[in-house]
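Shown next, in structure tokens, is the structure this report addresses.
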Amino acid sequence: MPTITIRNLDETVKRRLQVRAALNGRSMEAEARELLSQLAAIEPPLPTQGLGTAIHNRFAALGGVELEIPPRQFSSRQAKETVQSNARPPLEEDFGTAIHKLFAPLGGVELEIPPRRKSHRPIPTFE
């Protein structure tokens with residue numbers, strides 16, 4: 001059977017529990033078990049209203065707050081249509097060729113590409 005330990009119990013609560021247990025002819029532990037069983041059997045009442053309604057009802061007596069809605073301001077950024085009209089025309093060649101033509105006068109760099117290392121694991125075959 002599970003056990004529970006209650007720490008920092010007020011001395012007056014302990015004394016009252018002892019007196020109550022003595023009046024009911026039980027040990028203090030049995031009295032605590034009985035009280036906890038009775039309290040656990042009680043179903044908590046379901047809320048009759050939602051959380052938003054409860055918050056509104058609690059603070060409604062204080063009155064509402066009237067907020068002034070400022071007029072809408074337009075951004076200092078350019079509109080999307082203006083940005084698109086200033087865009088460069090599309091290239092007639094692909095991007096890689098354009099980069100090559102741009103940097104070709106500077107001379108190329110030869111890079112040694114090492115061969116691929118073979119894996120030590122066999123390649124699976126699916127049949």
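By convention here, the chains of the structure tokens are called A, B, ... in the order presented, each chain's residues are numbered starting at 1, and ligands are numbered starting at 1 in the order presented.
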Practice item. If you run DSSP over the backbone, which residues in chain A end up alpha helix (DSSP H)? Put them as a PyMOL selection string. Key: chain A and resi 11-23+28-41+51-59+80-85+95-103
With N, CA and C atoms retained, write the just-selected residues as a compact mmCIF listing (two decimals), in the first residue's frame.
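Result written to selection.txt:
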```txt
# COMPACT_ATOMS: atom_id res chain seq x y z
N GLU A 11 1.96 22.63 14.27
CA GLU A 11 1.77 21.92 15.54
C GLU A 11 0.31 21.93 15.97
N THR A 12 -0.41 23.03 15.72
CA THR A 12 -1.83 23.08 16.12
C THR A 12 -2.66 22.11 15.28
N VAL A 13 -2.30 21.94 14.00
CA VAL A 13 -3.02 20.98 13.14
C VAL A 13 -2.80 19.57 13.66
N LYS A 14 -1.58 19.28 14.06
CA LYS A 14 -1.26 17.95 14.59
C LYS A 14 -2.05 17.69 15.88
N ARG A 15 -2.10 18.67 16.76
CA ARG A 15 -2.84 18.50 18.02
C ARG A 15 -4.33 18.27 17.76
N ARG A 16 -4.90 19.06 16.82
CA ARG A 16 -6.33 18.89 16.50
C ARG A 16 -6.61 17.51 15.92
N LEU A 17 -5.68 17.04 15.08
CA LEU A 17 -5.83 15.71 14.51
C LEU A 17 -5.76 14.64 15.59
N GLN A 18 -4.89 14.81 16.58
CA GLN A 18 -4.81 13.86 17.69
C GLN A 18 -6.11 13.84 18.49
N VAL A 19 -6.65 15.03 18.78
CA VAL A 19 -7.89 15.13 19.55
C VAL A 19 -9.03 14.50 18.77
N ARG A 20 -9.12 14.80 17.50
CA ARG A 20 -10.18 14.25 16.65
C ARG A 20 -10.09 12.73 16.58
N ALA A 21 -8.86 12.22 16.43
CA ALA A 21 -8.66 10.77 16.38
C ALA A 21 -9.09 10.13 17.69
N ALA A 22 -8.76 10.76 18.82
CA ALA A 22 -9.14 10.21 20.12
C ALA A 22 -10.64 10.20 20.29
N LEU A 23 -11.31 11.27 19.84
CA LEU A 23 -12.77 11.32 19.96
C LEU A 23 -13.44 10.25 19.11
N MET A 28 -4.01 8.38 15.15
CA MET A 28 -3.88 9.61 14.36
C MET A 28 -3.70 9.27 12.89
N GLU A 29 -2.99 8.21 12.57
CA GLU A 29 -2.78 7.79 11.18
C GLU A 29 -4.09 7.35 10.54
N ALA A 30 -4.91 6.59 11.29
CA ALA A 30 -6.19 6.13 10.76
C ALA A 30 -7.13 7.32 10.53
N GLU A 31 -7.07 8.30 11.44
CA GLU A 31 -7.92 9.49 11.28
C GLU A 31 -7.51 10.28 10.04
N ALA A 32 -6.21 10.43 9.84
CA ALA A 32 -5.73 11.15 8.66
C ALA A 32 -6.14 10.41 7.39
N ARG A 33 -6.06 9.07 7.41
CA ARG A 33 -6.48 8.27 6.24
C ARG A 33 -7.96 8.48 5.95
N GLU A 34 -8.77 8.48 6.99
CA GLU A 34 -10.22 8.67 6.82
C GLU A 34 -10.53 10.05 6.26
N LEU A 35 -9.88 11.08 6.80
CA LEU A 35 -10.13 12.44 6.31
C LEU A 35 -9.71 12.59 4.85
N LEU A 36 -8.54 12.05 4.50
CA LEU A 36 -8.08 12.14 3.11
C LEU A 36 -9.00 11.37 2.17
N SER A 37 -9.48 10.22 2.60
CA SER A 37 -10.41 9.44 1.77
C SER A 37 -11.71 10.20 1.52
N GLN A 38 -12.23 10.83 2.57
CA GLN A 38 -13.47 11.60 2.41
C GLN A 38 -13.27 12.79 1.47
N LEU A 39 -12.16 13.49 1.62
CA LEU A 39 -11.91 14.65 0.76
C LEU A 39 -11.66 14.23 -0.69
N ALA A 40 -10.99 13.12 -0.90
CA ALA A 40 -10.70 12.67 -2.26
C ALA A 40 -11.96 12.19 -2.97
N ALA A 41 -12.97 11.76 -2.21
CA ALA A 41 -14.20 11.26 -2.81
C ALA A 41 -15.09 12.40 -3.31
N LEU A 51 -13.11 30.65 -18.84
CA LEU A 51 -12.09 31.46 -18.20
C LEU A 51 -12.20 32.93 -18.61
N GLY A 52 -12.41 33.19 -19.89
CA GLY A 52 -12.53 34.57 -20.36
C GLY A 52 -13.69 35.30 -19.72
N THR A 53 -14.80 34.61 -19.59
CA THR A 53 -15.99 35.21 -18.95
C THR A 53 -15.73 35.47 -17.48
N ALA A 54 -15.04 34.54 -16.82
CA ALA A 54 -14.73 34.73 -15.40
C ALA A 54 -13.82 35.93 -15.19
N ILE A 55 -12.82 36.08 -16.06
CA ILE A 55 -11.93 37.23 -15.94
C ILE A 55 -12.69 38.53 -16.20
N HIS A 56 -13.55 38.52 -17.21
CA HIS A 56 -14.35 39.71 -17.52
C HIS A 56 -15.24 40.08 -16.33
N ASN A 57 -15.92 39.10 -15.75
CA ASN A 57 -16.82 39.38 -14.62
C ASN A 57 -16.06 39.91 -13.41
N ARG A 58 -14.85 39.41 -13.21
CA ARG A 58 -14.06 39.86 -12.06
C ARG A 58 -13.67 41.32 -12.19
N PHE A 59 -13.30 41.76 -13.39
CA PHE A 59 -12.78 43.11 -13.58
C PHE A 59 -13.78 44.08 -14.20
N LYS A 80 6.43 47.18 -53.55
CA LYS A 80 6.94 46.00 -54.24
C LYS A 80 7.00 46.22 -55.75
N GLU A 81 6.03 46.91 -56.32
CA GLU A 81 6.01 47.15 -57.76
C GLU A 81 7.20 48.00 -58.19
N THR A 82 7.57 49.02 -57.38
CA THR A 82 8.69 49.88 -57.71
C THR A 82 9.99 49.10 -57.69
N VAL A 83 10.16 48.25 -56.72
CA VAL A 83 11.38 47.44 -56.62
C VAL A 83 11.49 46.52 -57.81
N GLN A 84 10.39 45.92 -58.22
CA GLN A 84 10.43 45.00 -59.35
C GLN A 84 10.73 45.74 -60.66
N SER A 85 10.27 46.98 -60.79
CA SER A 85 10.52 47.70 -62.03
C SER A 85 11.99 48.09 -62.17
N PHE A 95 24.04 31.19 -64.85
CA PHE A 95 24.78 31.86 -63.80
C PHE A 95 26.25 31.42 -63.77
N GLY A 96 26.51 30.13 -63.93
CA GLY A 96 27.88 29.63 -63.91
C GLY A 96 28.74 30.24 -65.01
N THR A 97 28.18 30.38 -66.22
CA THR A 97 28.92 30.97 -67.34
C THR A 97 29.21 32.43 -67.06
N ALA A 98 28.27 33.16 -66.50
CA ALA A 98 28.46 34.57 -66.18
C ALA A 98 29.58 34.74 -65.16
N ILE A 99 29.62 33.89 -64.15
CA ILE A 99 30.67 33.95 -63.14
C ILE A 99 32.03 33.65 -63.78
N HIS A 100 32.07 32.65 -64.66
CA HIS A 100 33.32 32.28 -65.33
C HIS A 100 33.86 33.46 -66.16
N LYS A 101 32.99 34.12 -66.92
CA LYS A 101 33.42 35.25 -67.74
C LYS A 101 33.90 36.41 -66.88
N LEU A 102 33.30 36.57 -65.73
CA LEU A 102 33.67 37.66 -64.84
C LEU A 102 35.07 37.46 -64.25
N PHE A 103 35.38 36.24 -63.84
CA PHE A 103 36.65 35.98 -63.15
C PHE A 103 37.73 35.38 -64.05
```
Check your understanding: What is the distance, in Å and to one decimal place, between atom CA of Ala61 of chain A and atom CA of Gln49 of chain A?
Key ->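 Interatomic distance, atom CA of Ala61 of chain A to atom CA of Gln49 of chain A: 17.7 Å.
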Practice item. Rounded to one decimal place, report the atom CA of Ile69 of chain A-atom CA of Gly50 of chain A distance in Å. Key: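 Interatomic distance, atom CA of Ile69 of chain A to atom CA of Gly50 of chain A: 28.6 Å.
Atom to atom, atom CA of Asn8 of chain A and atom CA of Asn24 of chain A stand 24.8 Å apart.
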